[in-house]
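To be precise, the following lines are data_19.txt, and they hold compact mmCIF, C-alpha atoms and all ligand atoms.
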```
# COMPACT_ATOMS: atom_id res chain seq x y z
CA ARG H 1 0.00 0.00 0.00
CA SER H 2 1.57 3.28 -1.03
CA LEU H 3 1.69 6.15 1.42
CA PRO H 4 -0.13 9.37 0.61
CA HIS H 5 2.09 12.27 -0.44
CA GLY H 6 3.78 13.81 2.57
CA ALA H 7 3.12 10.89 4.90
CA GLN H 8 6.38 9.96 6.54
CA GLY H 9 5.63 6.65 8.18
CA PRO H 10 3.42 4.48 10.34
CA ALA H 11 2.99 7.22 12.95
CA PHE H 12 0.38 8.73 10.65
CA TYR H 13 -1.65 5.57 10.78
CA ASP H 14 -2.32 5.53 14.50
CA SER H 15 -6.03 5.62 13.88
CA ALA H 16 -8.45 4.75 11.12
CA LEU H 17 -9.71 8.31 11.29
CA THR H 18 -6.30 9.79 10.60
CA GLU H 19 -5.90 7.46 7.68
CA ARG H 20 -9.27 8.41 6.26
CA LEU H 21 -8.59 12.11 6.64
CA LEU H 22 -5.20 11.76 4.98
CA ARG H 23 -6.73 9.89 2.11
CA GLU H 24 -9.53 12.42 1.71
CA HIS H 25 -6.99 15.19 1.77
CA GLU H 26 -4.94 13.45 -0.85
CA LEU H 27 -7.88 12.75 -3.15
CA ASN H 28 -8.96 16.38 -2.84
CA ASP H 29 -5.52 17.53 -3.85
CA LEU H 30 -5.48 15.23 -6.85
CA PHE H 31 -8.90 16.29 -8.15
CA ALA H 32 -8.10 19.39 -10.19
CA ASP H 33 -5.09 17.85 -11.96
CA SER H 34 -6.95 14.62 -12.63
CA LEU H 35 -9.86 16.50 -14.18
CA LYS H 36 -7.46 18.40 -16.44
CA SER H 37 -5.45 15.34 -17.46
CA GLY H 38 -8.51 13.29 -18.32
CA ASP H 39 -8.08 10.75 -15.52
CA PHE H 40 -11.84 10.63 -14.97
CA HIS H 41 -13.51 8.25 -17.36
CA VAL H 42 -17.11 7.80 -18.27
CA PHE H 43 -18.31 4.21 -18.36
CA LEU H 44 -21.65 3.25 -19.88
CA GLN H 45 -24.01 0.52 -18.76
CA PRO H 46 -26.95 -0.46 -20.98
CA LYS H 47 -30.60 -0.35 -19.97
CA VAL H 48 -32.42 -3.13 -21.76
CA LEU H 49 -36.12 -3.21 -22.62
CA LEU H 50 -37.48 -6.43 -21.13
CA ASP H 51 -40.11 -6.80 -23.79
CA GLY H 52 -38.00 -7.53 -26.86
CA ASP H 53 -34.51 -7.27 -25.40
CA ARG H 54 -33.87 -3.94 -27.12
CA ILE H 55 -31.23 -1.50 -25.83
CA ALA H 56 -33.35 1.40 -24.68
CA GLY H 57 -30.79 3.55 -22.92
CA ALA H 58 -27.57 3.70 -20.98
CA GLU H 59 -26.31 5.20 -17.75
CA ALA H 60 -23.05 7.10 -17.45
CA LEU H 61 -21.00 6.07 -14.41
CA VAL H 62 -17.77 7.80 -13.59
CA ARG H 63 -14.45 6.04 -12.87
CA TRP H 64 -11.25 7.63 -11.67
CA HIS H 65 -8.17 6.08 -13.14
CA HIS H 66 -5.24 7.65 -11.42
CA PRO H 67 -1.83 6.85 -12.99
CA GLN H 68 -0.27 6.13 -9.56
CA ARG H 69 -3.24 5.11 -7.42
CA GLY H 70 -4.96 2.93 -9.99
CA MET H 71 -8.72 2.60 -10.41
CA ILE H 72 -10.81 4.45 -7.84
CA TYR H 73 -14.56 3.76 -7.64
CA PRO H 74 -17.33 6.29 -7.03
CA SER H 75 -18.05 5.13 -3.48
CA ASP H 76 -14.51 6.26 -2.56
CA PHE H 77 -14.75 9.78 -3.90
CA ILE H 78 -18.36 10.85 -4.62
CA PRO H 79 -19.31 11.30 -0.93
CA LEU H 80 -16.09 13.25 -0.41
CA PHE H 81 -16.62 15.51 -3.40
CA GLU H 82 -20.20 16.05 -2.30
CA LYS H 83 -18.90 17.61 0.89
CA ASN H 84 -16.91 20.28 -0.90
CA GLU H 85 -18.88 20.92 -4.08
CA LYS H 86 -16.25 19.44 -6.40
CA ILE H 87 -19.00 17.06 -7.42
CA CYS H 88 -20.69 19.81 -9.43
CA GLN H 89 -17.63 20.21 -11.64
CA LEU H 90 -17.32 16.46 -12.00
CA ASP H 91 -20.99 15.98 -12.96
CA LEU H 92 -20.67 18.66 -15.61
CA TYR H 93 -17.56 16.94 -16.97
CA VAL H 94 -19.40 13.61 -17.18
CA PHE H 95 -22.37 15.33 -18.79
CA GLU H 96 -20.15 16.92 -21.44
CA GLN H 97 -18.47 13.57 -22.22
CA VAL H 98 -21.93 12.09 -22.72
CA CYS H 99 -22.95 14.94 -25.04
CA LEU H 100 -19.76 14.42 -27.04
CA THR H 101 -20.53 10.72 -27.36
CA LEU H 102 -24.15 11.28 -28.40
CA ARG H 103 -23.05 13.85 -30.99
CA ARG H 104 -20.55 11.31 -32.39
CA TRP H 105 -23.25 8.60 -32.54
CA ILE H 106 -25.66 10.93 -34.32
CA ASP H 107 -22.98 12.08 -36.80
CA SER H 108 -22.05 8.51 -37.65
CA GLY H 109 -25.65 7.60 -38.37
CA LEU H 110 -26.19 5.44 -35.29
CA GLU H 111 -29.70 5.41 -33.87
CA PRO H 112 -29.13 7.13 -30.52
CA PHE H 113 -30.96 6.32 -27.29
CA PRO H 114 -31.22 8.31 -24.08
CA VAL H 115 -28.13 8.38 -21.89
CA SER H 116 -28.52 9.29 -18.25
CA VAL H 117 -26.13 11.17 -16.01
CA ASN H 118 -26.24 11.17 -12.21
CA LEU H 119 -26.79 14.56 -10.68
CA SER H 120 -25.64 15.16 -7.15
CA ARG H 121 -28.16 16.81 -4.88
CA ARG H 122 -25.51 19.45 -4.24
CA HIS H 123 -26.42 21.11 -7.54
CA PHE H 124 -29.78 22.11 -6.25
CA LYS H 125 -28.46 24.61 -3.77
CA GLN H 126 -28.82 27.29 -6.43
CA SER H 127 -32.01 27.80 -8.34
CA ASP H 128 -30.26 28.24 -11.69
CA CYS H 129 -28.11 25.13 -11.29
CA LEU H 130 -29.39 23.55 -14.49
CA ARG H 131 -28.28 26.38 -16.76
CA PRO H 132 -24.73 25.05 -17.40
CA PHE H 133 -26.23 21.69 -18.42
CA GLU H 134 -28.56 23.39 -20.87
CA GLU H 135 -25.67 25.37 -22.29
CA ILE H 136 -23.53 22.26 -22.90
CA ALA H 137 -26.41 20.30 -24.44
CA ARG H 138 -27.04 23.20 -26.80
CA ARG H 139 -23.36 23.48 -27.73
CA TYR H 140 -23.38 19.84 -28.85
CA ARG H 141 -26.82 20.23 -30.49
CA ILE H 142 -28.30 17.27 -28.66
CA PRO H 143 -31.98 16.77 -29.60
CA SER H 144 -34.39 16.79 -26.70
CA GLY H 145 -35.22 13.46 -25.12
CA LEU H 146 -31.70 12.03 -25.44
CA LEU H 147 -30.27 13.33 -22.17
CA GLU H 148 -31.62 12.12 -18.88
CA LEU H 149 -30.79 13.39 -15.41
CA GLU H 150 -30.92 10.94 -12.51
CA LEU H 151 -31.81 12.34 -9.11
CA THR H 152 -31.64 10.16 -6.02
CA GLU H 153 -34.87 9.79 -4.14
CA SER H 154 -33.26 11.32 -1.05
CA ILE H 155 -33.53 14.72 -2.74
CA LEU H 156 -37.25 14.60 -2.09
CA PHE H 157 -36.81 14.36 1.63
CA GLU H 158 -34.33 17.03 2.44
CA ASP H 159 -35.10 20.49 3.68
CA ARG H 160 -36.37 21.43 0.27
CA ALA H 161 -40.03 22.10 -0.28
CA ILE H 162 -41.79 19.72 -2.62
CA GLU H 163 -42.66 22.73 -4.76
CA THR H 164 -38.97 23.52 -5.31
CA VAL H 165 -38.21 20.02 -6.58
CA LYS H 166 -41.28 20.11 -8.78
CA ALA H 167 -40.08 23.38 -10.29
CA GLN H 168 -36.65 21.87 -11.01
CA ILE H 169 -38.21 18.90 -12.78
CA LEU H 170 -40.35 21.26 -14.83
CA GLU H 171 -37.20 23.18 -15.73
CA MET H 172 -35.46 19.95 -16.83
CA HIS H 173 -38.35 19.16 -19.12
CA ARG H 174 -38.35 22.68 -20.51
CA MET H 175 -34.66 22.15 -21.35
CA GLY H 176 -35.48 18.92 -23.15
CA PHE H 177 -34.04 16.59 -20.50
CA LEU H 178 -35.71 13.49 -19.17
CA CYS H 179 -35.81 13.05 -15.42
CA SER H 180 -35.29 9.85 -13.56
CA LEU H 181 -35.69 9.05 -9.87
CA ASP H 182 -32.71 6.92 -8.80
CA ASP H 183 -32.39 4.42 -5.94
CA PHE H 184 -36.11 4.37 -5.29
CA GLY H 185 -36.79 2.23 -2.25
CA ALA H 186 -33.30 2.56 -0.84
CA GLY H 187 -34.29 4.65 2.10
CA TYR H 188 -37.04 7.13 2.46
CA SER H 189 -39.48 6.06 -0.21
CA SER H 190 -43.00 7.10 0.15
CA LEU H 191 -45.36 5.85 -2.49
CA GLY H 192 -47.68 8.76 -1.82
CA LEU H 193 -44.96 11.28 -2.43
CA LEU H 194 -44.08 9.60 -5.70
CA MET H 195 -47.40 10.76 -7.09
CA GLU H 196 -46.29 14.36 -6.68
CA PHE H 197 -43.45 14.27 -9.17
CA ASP H 198 -43.60 14.22 -12.94
CA VAL H 199 -40.58 12.01 -13.53
CA ASP H 200 -40.04 10.01 -16.71
CA SER H 201 -38.65 6.95 -15.02
CA ILE H 202 -38.23 5.39 -11.62
CA LYS H 203 -35.25 3.20 -10.85
CA LEU H 204 -36.00 0.52 -8.30
CA ASP H 205 -33.07 -0.09 -6.00
CA ARG H 206 -31.31 -3.44 -6.31
CA ARG H 207 -32.15 -4.50 -2.75
CA PHE H 208 -35.75 -5.11 -3.87
CA PHE H 209 -34.54 -8.02 -5.97
CA LEU H 210 -32.20 -9.76 -3.56
CA ARG H 211 -34.82 -11.99 -1.95
CA LEU H 212 -37.51 -12.57 -4.52
CA SER H 213 -39.29 -15.36 -2.71
CA ARG H 214 -40.57 -12.96 -0.11
CA ARG H 215 -44.25 -12.26 -0.54
CA ARG H 216 -43.76 -8.73 0.77
CA SER H 217 -41.11 -7.74 -1.78
CA LYS H 218 -43.31 -9.04 -4.57
CA ASP H 219 -46.28 -6.99 -3.41
CA LEU H 220 -44.14 -3.91 -2.98
CA VAL H 221 -42.49 -4.16 -6.39
CA GLU H 222 -45.85 -4.76 -8.00
CA SER H 223 -47.39 -1.66 -6.38
CA ILE H 224 -44.47 0.59 -7.25
CA ILE H 225 -44.56 -0.52 -10.87
CA SER H 226 -48.28 -0.01 -11.15
CA LEU H 227 -48.09 3.40 -9.47
CA ALA H 228 -45.21 4.44 -11.74
CA HIS H 229 -47.24 3.49 -14.78
CA LYS H 230 -50.17 5.52 -13.46
CA ILE H 231 -48.05 8.66 -13.38
CA GLY H 232 -46.71 7.87 -16.85
CA ALA H 233 -43.23 6.84 -15.73
CA GLN H 234 -41.18 3.88 -16.92
CA THR H 235 -39.71 1.49 -14.38
CA VAL H 236 -36.07 0.45 -14.38
CA ALA H 237 -34.79 -2.40 -12.23
CA GLU H 238 -31.22 -1.78 -11.05
CA GLY H 239 -28.48 -4.25 -10.23
CA ILE H 240 -30.02 -7.28 -11.91
CA GLU H 241 -27.59 -10.18 -12.03
CA THR H 242 -29.52 -13.39 -12.69
CA THR H 243 -32.02 -14.78 -15.16
CA ASP H 244 -34.28 -15.69 -12.21
CA GLN H 245 -34.52 -12.00 -11.47
CA LEU H 246 -35.33 -11.35 -15.14
CA ASP H 247 -38.20 -13.84 -15.02
CA PHE H 248 -39.52 -12.19 -11.87
CA LEU H 249 -39.34 -8.72 -13.46
CA ARG H 250 -41.16 -9.88 -16.59
CA GLU H 251 -43.90 -11.23 -14.37
CA MET H 252 -44.05 -7.91 -12.52
CA GLY H 253 -44.36 -5.92 -15.74
CA CYS H 254 -41.13 -3.95 -15.26
CA ASP H 255 -40.06 -1.98 -18.35
CA LEU H 256 -36.26 -1.80 -18.29
CA VAL H 257 -33.42 -3.71 -16.71
CA GLN H 258 -29.92 -2.57 -15.90
CA GLY H 259 -27.37 -4.93 -14.43
CA TYR H 260 -24.52 -7.35 -14.81
CA VAL H 261 -26.92 -9.90 -16.33
CA PHE H 262 -26.61 -7.86 -19.55
CA SER H 263 -23.37 -5.98 -19.04
CA ARG H 264 -21.15 -4.32 -16.48
CA PRO H 265 -20.50 -0.62 -16.97
CA LEU H 266 -17.94 -0.46 -19.81
CA PRO H 267 -15.51 2.15 -21.14
CA ILE H 268 -17.19 3.90 -24.08
CA PRO H 269 -15.24 2.10 -26.87
CA ALA H 270 -15.98 -1.29 -25.25
CA PHE H 271 -19.63 -0.32 -24.84
CA GLU H 272 -19.80 0.50 -28.56
CA ASP H 273 -18.35 -2.93 -29.40
CA TRP H 274 -20.82 -4.53 -27.04
CA MET H 275 -23.69 -2.75 -28.80
CA LYS H 276 -22.52 -4.07 -32.17
CA ASN H 277 -22.64 -7.62 -30.89
CA TRP H 278 -26.08 -7.26 -29.36
CA PRO H 279 -28.31 -9.34 -29.02
CA GLY H 280 -25.84 -12.21 -28.97
CA ARG H 281 -25.00 -11.45 -25.36
CA ALA H 282 -28.47 -11.54 -23.85
CA SER H 283 -28.31 -15.15 -22.76
CA ASP H 284 -24.93 -14.97 -21.04
CA GLY H 285 -26.42 -14.19 -17.64
P1 LIG H 301 -26.25 4.46 -9.14
O1 LIG H 301 -26.49 5.69 -9.93
O2 LIG H 301 -27.41 3.85 -8.45
O3 LIG H 301 -25.56 3.45 -10.14
C1 LIG H 301 -25.74 2.07 -10.11
C2 LIG H 301 -24.57 1.36 -9.46
O4 LIG H 301 -24.82 -0.05 -9.45
C3 LIG H 301 -23.25 1.55 -10.20
O5 LIG H 301 -22.21 1.56 -9.23
C4 LIG H 301 -23.18 0.28 -11.04
O6 LIG H 301 -21.86 -0.05 -11.42
C5 LIG H 301 -23.75 -0.73 -10.08
N1 LIG H 301 -24.31 -1.90 -10.74
C6 LIG H 301 -24.83 -1.99 -11.99
N2 LIG H 301 -25.28 -3.24 -12.25
C7 LIG H 301 -25.05 -3.95 -11.14
C8 LIG H 301 -25.29 -5.35 -10.78
O7 LIG H 301 -25.83 -6.15 -11.55
N3 LIG H 301 -24.92 -5.73 -9.52
C9 LIG H 301 -24.34 -4.86 -8.65
N4 LIG H 301 -23.99 -5.33 -7.46
N5 LIG H 301 -24.09 -3.57 -8.95
C10 LIG H 301 -24.45 -3.13 -10.18
P2 LIG H 301 -20.99 2.57 -9.32
O8 LIG H 301 -20.61 2.78 -10.76
O9 LIG H 301 -19.94 2.11 -8.37
O10 LIG H 301 -21.62 3.92 -8.80
C11 LIG H 301 -22.10 4.02 -7.50
C12 LIG H 301 -22.90 5.27 -7.29
O11 LIG H 301 -22.05 6.43 -7.42
C13 LIG H 301 -23.99 5.49 -8.33
O12 LIG H 301 -25.13 4.73 -7.99
C14 LIG H 301 -24.21 6.97 -8.26
O13 LIG H 301 -25.05 7.31 -7.17
C15 LIG H 301 -22.81 7.48 -7.95
N6 LIG H 301 -22.21 7.95 -9.21
C16 LIG H 301 -21.58 7.26 -10.20
N7 LIG H 301 -21.16 8.09 -11.18
C17 LIG H 301 -21.56 9.35 -10.82
C18 LIG H 301 -21.43 10.66 -11.41
O14 LIG H 301 -20.90 10.86 -12.51
N8 LIG H 301 -21.97 11.71 -10.70
C19 LIG H 301 -22.59 11.54 -9.49
N9 LIG H 301 -23.08 12.63 -8.86
N10 LIG H 301 -22.73 10.34 -8.93
C20 LIG H 301 -22.22 9.25 -9.57
MG MG H 302 -27.85 6.32 -11.22
MG MG H 303 -29.25 3.67 -8.42
MG MG H 304 -44.18 11.71 -17.59
```
Step by step, read the file and then write its structure as structure tokens.
Ligand code: C2E
Ligand code: MG
Ligand code: MG
Ligand code: MG
Amino acid sequence: RSLPHGAQGPAFYDSALTERLLREHELNDLFADSLKSGDFHVFLQPKVLLDGDRIAGAEALVRWHHPQRGMIYPSDFIPLFEKNEKICQLDLYVFEQVCLTLRRWIDSGLEPFPVSVNLSRRHFKQSDCLRPFEEIARRYRIPSGLLELELTESILFEDRAIETVKAQILEMHRMGFLCSLDDFGAGYSSLGLLMEFDVDSIKLDRRFFLRLSRRRSKDLVESIISLAHKIGAQTVAEGIETTDQLDFLREMGCDLVQGYVFSRPLPIPAFEDWMKNWPGRASDG
């Protein structure tokens, strides 16, 4: 294990807290240079339409490939960058990479599908936070309906008034973006509250599908899907790994599936290869 810059020896590791703080400090220091040198990479994971096995979308997931530290995953840096607002810069970078990719697909005659980008709740501290996204989408001339913004459900339960979130969703739609509610069911979900928001899709958290035999999880999944359809939203099941889960989701009437059963998140060139070979891969899971 390599020592962070400036660390002189084991004395610095006298507690887990010290180690964490050192690491956070180090990652913070590396951020600006890494962003400039292109060490953040956008991976894409397909969303597959259950009825017909068609690729109906993809999600952009960021990876940090540091030349010295190796691959760093979002769970190690997103929470940190959420504390100090660096996340806003990073999300915009990811968004621009997605726009670039969509523009390339359109120019090469590929039939594009919506690509979603995760938006940290930190953006919503300012009321005009969506403006830079609109500006980038316009610069790359991305037609409306091809960019989707994923908000985690927790955004609905913070100190923000429901009306404020509703206004932001309206603004997204005005800008031509689709809006998706991520990690639904992970924490605070309230089915009643769901009715309040005009989102285009709802992503059911993977923990719903871990123990399918449970009567309760079946009832719950079924009600969420039916409620989503009532408000005109698509349902996406996240983190699907097995064909048993696929059978269950077909039975439940779920629209889209995202998970290792179809593909892991892939670097963009690998994702493009994967698309070319579709649907040969569908049965691998
Ligand atoms: P998320 O948006 O809910 O993304 C889904 C996560 O599930 C991803 O983890 C994905 O790699 C993982 N996953 C996909 N299929 C499967 C599966 O079949 N099994 C399992 N066990 N996992 C699966 P990842 O890429 O590590 O990202 C974690 C979280 O970090 C994301 O959760 C999202 O909240 C956040 N994140 C990732 N990229 C960005 C970004 O560019 N901006 C922001 N603000 N957050 C991001
Ligand atoms: Mg997401
Ligand atoms: Mg999620
Ligand atoms: Mg709608």
To one decimal place, how far is atom CA of H:Glu148 from atom CA of H:Asp219 in Å?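 Separating atom CA of H:Glu148 from atom CA of H:Asp219 is a distance of 28.6 Å.
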Counting all atoms listed in the file, which residues of chain H fall within 12 Å of ligand MG 304 (chain H), and what is the closest atom pair for each with its distance in Å at one decimal, ordered by chain and rising number, as a Markdown table?
```
| residue | atom | partner | partner_atom | distance |
| --- | --- | --- | --- | --- |
| H:Gly145 | CA | H:MG304 | MG | 11.8 |
| H:Ile169 | CA | H:MG304 | MG | 10.5 |
| H:Leu170 | CA | H:MG304 | MG | 10.7 |
| H:His173 | CA | H:MG304 | MG | 9.6 |
| H:Phe177 | CA | H:MG304 | MG | 11.6 |
| H:Leu178 | CA | H:MG304 | MG | 8.8 |
| H:Cys179 | CA | H:MG304 | MG | 8.7 |
| H:Ser180 | CA | H:MG304 | MG | 9.9 |
| H:Leu181 | CA | H:MG304 | MG | 11.8 |
| H:Met195 | CA | H:MG304 | MG | 11.0 |
| H:Glu196 | CA | H:MG304 | MG | 11.4 |
| H:Phe197 | CA | H:MG304 | MG | 8.8 |
| H:Asp198 | CA | H:MG304 | MG | 5.3 |
| H:Val199 | CA | H:MG304 | MG | 5.4 |
| H:Asp200 | CA | H:MG304 | MG | 4.6 |
| H:Ser201 | CA | H:MG304 | MG | 7.7 |
| H:Ile202 | CA | H:MG304 | MG | 10.5 |
| H:Ala228 | CA | H:MG304 | MG | 9.4 |
| H:His229 | CA | H:MG304 | MG | 9.2 |
| H:Lys230 | CA | H:MG304 | MG | 9.6 |
| H:Ile231 | CA | H:MG304 | MG | 6.5 |
| H:Gly232 | CA | H:MG304 | MG | 4.7 |
| H:Ala233 | CA | H:MG304 | MG | 5.3 |
| H:Gln234 | CA | H:MG304 | MG | 8.4 |
| H:Thr235 | CA | H:MG304 | MG | 11.6 |
```
Restricting the calculation to all atoms listed in the file: of H:Ala56, H:Ala186, H:Cys129, H:Leu44, which residue gets closest to ligand MG 303 (chain H)?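 Closest to ligand MG 303 (chain H) of all the choices is H:Ala186.
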Could you please extract the residues within 7 Å of ligand LIG 301 (chain H), counting all atoms listed in the file, and hand them back as JSON, numbers by chain? {"H": [60, 61, 62, 73, 74, 75, 78, 87, 90, 91, 94, 117, 118, 119, 120, 182, 183, 238, 239, 240, 241, 258, 259, 260, 261, 264, 265]}
Would you put the residues from that selection into a file with C-alpha atoms, as a CSV table (one decimal), keeping the file's coordinate frame?
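For reference, out04.csv as written:
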```csv
chain,number,residue,atom,x,y,z
H,60,ALA,CA,-23.0,7.1,-17.4
H,61,LEU,CA,-21.0,6.1,-14.4
H,62,VAL,CA,-17.8,7.8,-13.6
H,73,TYR,CA,-14.6,3.8,-7.6
H,74,PRO,CA,-17.3,6.3,-7.0
H,75,SER,CA,-18.0,5.1,-3.5
H,78,ILE,CA,-18.4,10.8,-4.6
H,87,ILE,CA,-19.0,17.1,-7.4
H,90,LEU,CA,-17.3,16.5,-12.0
H,91,ASP,CA,-21.0,16.0,-13.0
H,94,VAL,CA,-19.4,13.6,-17.2
H,117,VAL,CA,-26.1,11.2,-16.0
H,118,ASN,CA,-26.2,11.2,-12.2
H,119,LEU,CA,-26.8,14.6,-10.7
H,120,SER,CA,-25.6,15.2,-7.2
H,182,ASP,CA,-32.7,6.9,-8.8
H,183,ASP,CA,-32.4,4.4,-5.9
H,238,GLU,CA,-31.2,-1.8,-11.0
H,239,GLY,CA,-28.5,-4.2,-10.2
H,240,ILE,CA,-30.0,-7.3,-11.9
H,241,GLU,CA,-27.6,-10.2,-12.0
H,258,GLN,CA,-29.9,-2.6,-15.9
H,259,GLY,CA,-27.4,-4.9,-14.4
H,260,TYR,CA,-24.5,-7.4,-14.8
H,261,VAL,CA,-26.9,-9.9,-16.3
H,264,ARG,CA,-21.2,-4.3,-16.5
H,265,PRO,CA,-20.5,-0.6,-17.0
```
Need to verify the contact set: H:Arg54, 10 Å, only C-alpha atoms, exclusion of same-chain residues closer than 6 positions in sequence. Can you return it as a list in words?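 Skipping anything fewer than 6 positions along the chain leaves Pro46, Lys47, Val48, Leu256, Trp278, Pro279 and Ala282 of chain H.
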Could you pull stretch 233-250 of chain H out of the structure I just pasted and write it to a file containing N, CA, C and O atoms, as an mmCIF file, in the first residue's frame?
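Below is the file result13.cif, written as the result:
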```cif
data_model
loop_
_atom_site.group_PDB
_atom_site.id
_atom_site.type_symbol
_atom_site.label_atom_id
_atom_site.label_comp_id
_atom_site.auth_asym_id
_atom_site.auth_seq_id
_atom_site.Cartn_x
_atom_site.Cartn_y
_atom_site.Cartn_z
ATOM 1 N N ALA H 233 -44.679 7.040 -15.816
ATOM 2 C CA ALA H 233 -43.232 6.837 -15.735
ATOM 3 C C ALA H 233 -42.879 5.386 -16.070
ATOM 4 O O ALA H 233 -43.644 4.472 -15.790
ATOM 5 N N GLN H 234 -41.706 5.223 -16.672
ATOM 6 C CA GLN H 234 -41.176 3.884 -16.922
ATOM 7 C C GLN H 234 -40.526 3.370 -15.649
ATOM 8 O O GLN H 234 -40.056 4.162 -14.829
ATOM 9 N N THR H 235 -40.420 2.045 -15.534
ATOM 10 C CA THR H 235 -39.707 1.494 -14.384
ATOM 11 C C THR H 235 -38.428 0.809 -14.849
ATOM 12 O O THR H 235 -38.404 0.120 -15.866
ATOM 13 N N VAL H 236 -37.370 1.047 -14.083
ATOM 14 C CA VAL H 236 -36.068 0.450 -14.384
ATOM 15 C C VAL H 236 -35.629 -0.335 -13.150
ATOM 16 O O VAL H 236 -35.593 0.219 -12.052
ATOM 17 N N ALA H 237 -35.311 -1.606 -13.341
ATOM 18 C CA ALA H 237 -34.792 -2.397 -12.226
ATOM 19 C C ALA H 237 -33.269 -2.333 -12.263
ATOM 20 O O ALA H 237 -32.649 -2.591 -13.287
ATOM 21 N N GLU H 238 -32.679 -1.969 -11.130
ATOM 22 C CA GLU H 238 -31.224 -1.782 -11.054
ATOM 23 C C GLU H 238 -30.539 -2.996 -10.443
ATOM 24 O O GLU H 238 -31.097 -3.654 -9.562
ATOM 25 N N GLY H 239 -29.321 -3.246 -10.879
ATOM 26 C CA GLY H 239 -28.482 -4.251 -10.227
ATOM 27 C C GLY H 239 -28.959 -5.672 -10.438
ATOM 28 O O GLY H 239 -28.843 -6.508 -9.548
ATOM 29 N N ILE H 240 -29.485 -5.942 -11.620
ATOM 30 C CA ILE H 240 -30.016 -7.279 -11.910
ATOM 31 C C ILE H 240 -28.885 -8.178 -12.415
ATOM 32 O O ILE H 240 -28.176 -7.837 -13.362
ATOM 33 N N GLU H 241 -28.728 -9.317 -11.736
ATOM 34 C CA GLU H 241 -27.585 -10.184 -12.028
ATOM 35 C C GLU H 241 -27.970 -11.556 -12.581
ATOM 36 O O GLU H 241 -27.146 -12.221 -13.195
ATOM 37 N N THR H 242 -29.192 -12.007 -12.320
ATOM 38 C CA THR H 242 -29.525 -13.386 -12.685
ATOM 39 C C THR H 242 -30.757 -13.471 -13.593
ATOM 40 O O THR H 242 -31.588 -12.555 -13.624
ATOM 41 N N THR H 243 -30.857 -14.574 -14.286
ATOM 42 C CA THR H 243 -32.018 -14.783 -15.156
ATOM 43 C C THR H 243 -33.282 -15.035 -14.329
ATOM 44 O O THR H 243 -34.380 -14.753 -14.788
ATOM 45 N N ASP H 244 -33.122 -15.550 -13.104
ATOM 46 C CA ASP H 244 -34.280 -15.687 -12.211
ATOM 47 C C ASP H 244 -34.911 -14.325 -11.944
ATOM 48 O O ASP H 244 -36.127 -14.166 -11.941
ATOM 49 N N GLN H 245 -34.029 -13.356 -11.706
ATOM 50 C CA GLN H 245 -34.524 -11.996 -11.467
ATOM 51 C C GLN H 245 -35.230 -11.456 -12.713
ATOM 52 O O GLN H 245 -36.250 -10.781 -12.610
ATOM 53 N N LEU H 246 -34.693 -11.792 -13.897
ATOM 54 C CA LEU H 246 -35.329 -11.345 -15.143
ATOM 55 C C LEU H 246 -36.742 -11.916 -15.269
ATOM 56 O O LEU H 246 -37.680 -11.207 -15.643
ATOM 57 N N ASP H 247 -36.879 -13.201 -14.939
ATOM 58 C CA ASP H 247 -38.201 -13.838 -15.019
ATOM 59 C C ASP H 247 -39.184 -13.136 -14.086
ATOM 60 O O ASP H 247 -40.319 -12.840 -14.452
ATOM 61 N N PHE H 248 -38.700 -12.869 -12.859
ATOM 62 C CA PHE H 248 -39.516 -12.191 -11.867
ATOM 63 C C PHE H 248 -39.966 -10.821 -12.397
ATOM 64 O O PHE H 248 -41.140 -10.452 -12.296
ATOM 65 N N LEU H 249 -39.035 -10.078 -12.986
ATOM 66 C CA LEU H 249 -39.343 -8.724 -13.456
ATOM 67 C C LEU H 249 -40.317 -8.732 -14.627
ATOM 68 O O LEU H 249 -41.160 -7.852 -14.755
ATOM 69 N N ARG H 250 -40.193 -9.757 -15.478
ATOM 70 C CA ARG H 250 -41.156 -9.877 -16.586
ATOM 71 C C ARG H 250 -42.551 -10.082 -16.015
ATOM 72 O O ARG H 250 -43.501 -9.459 -16.443
#
```
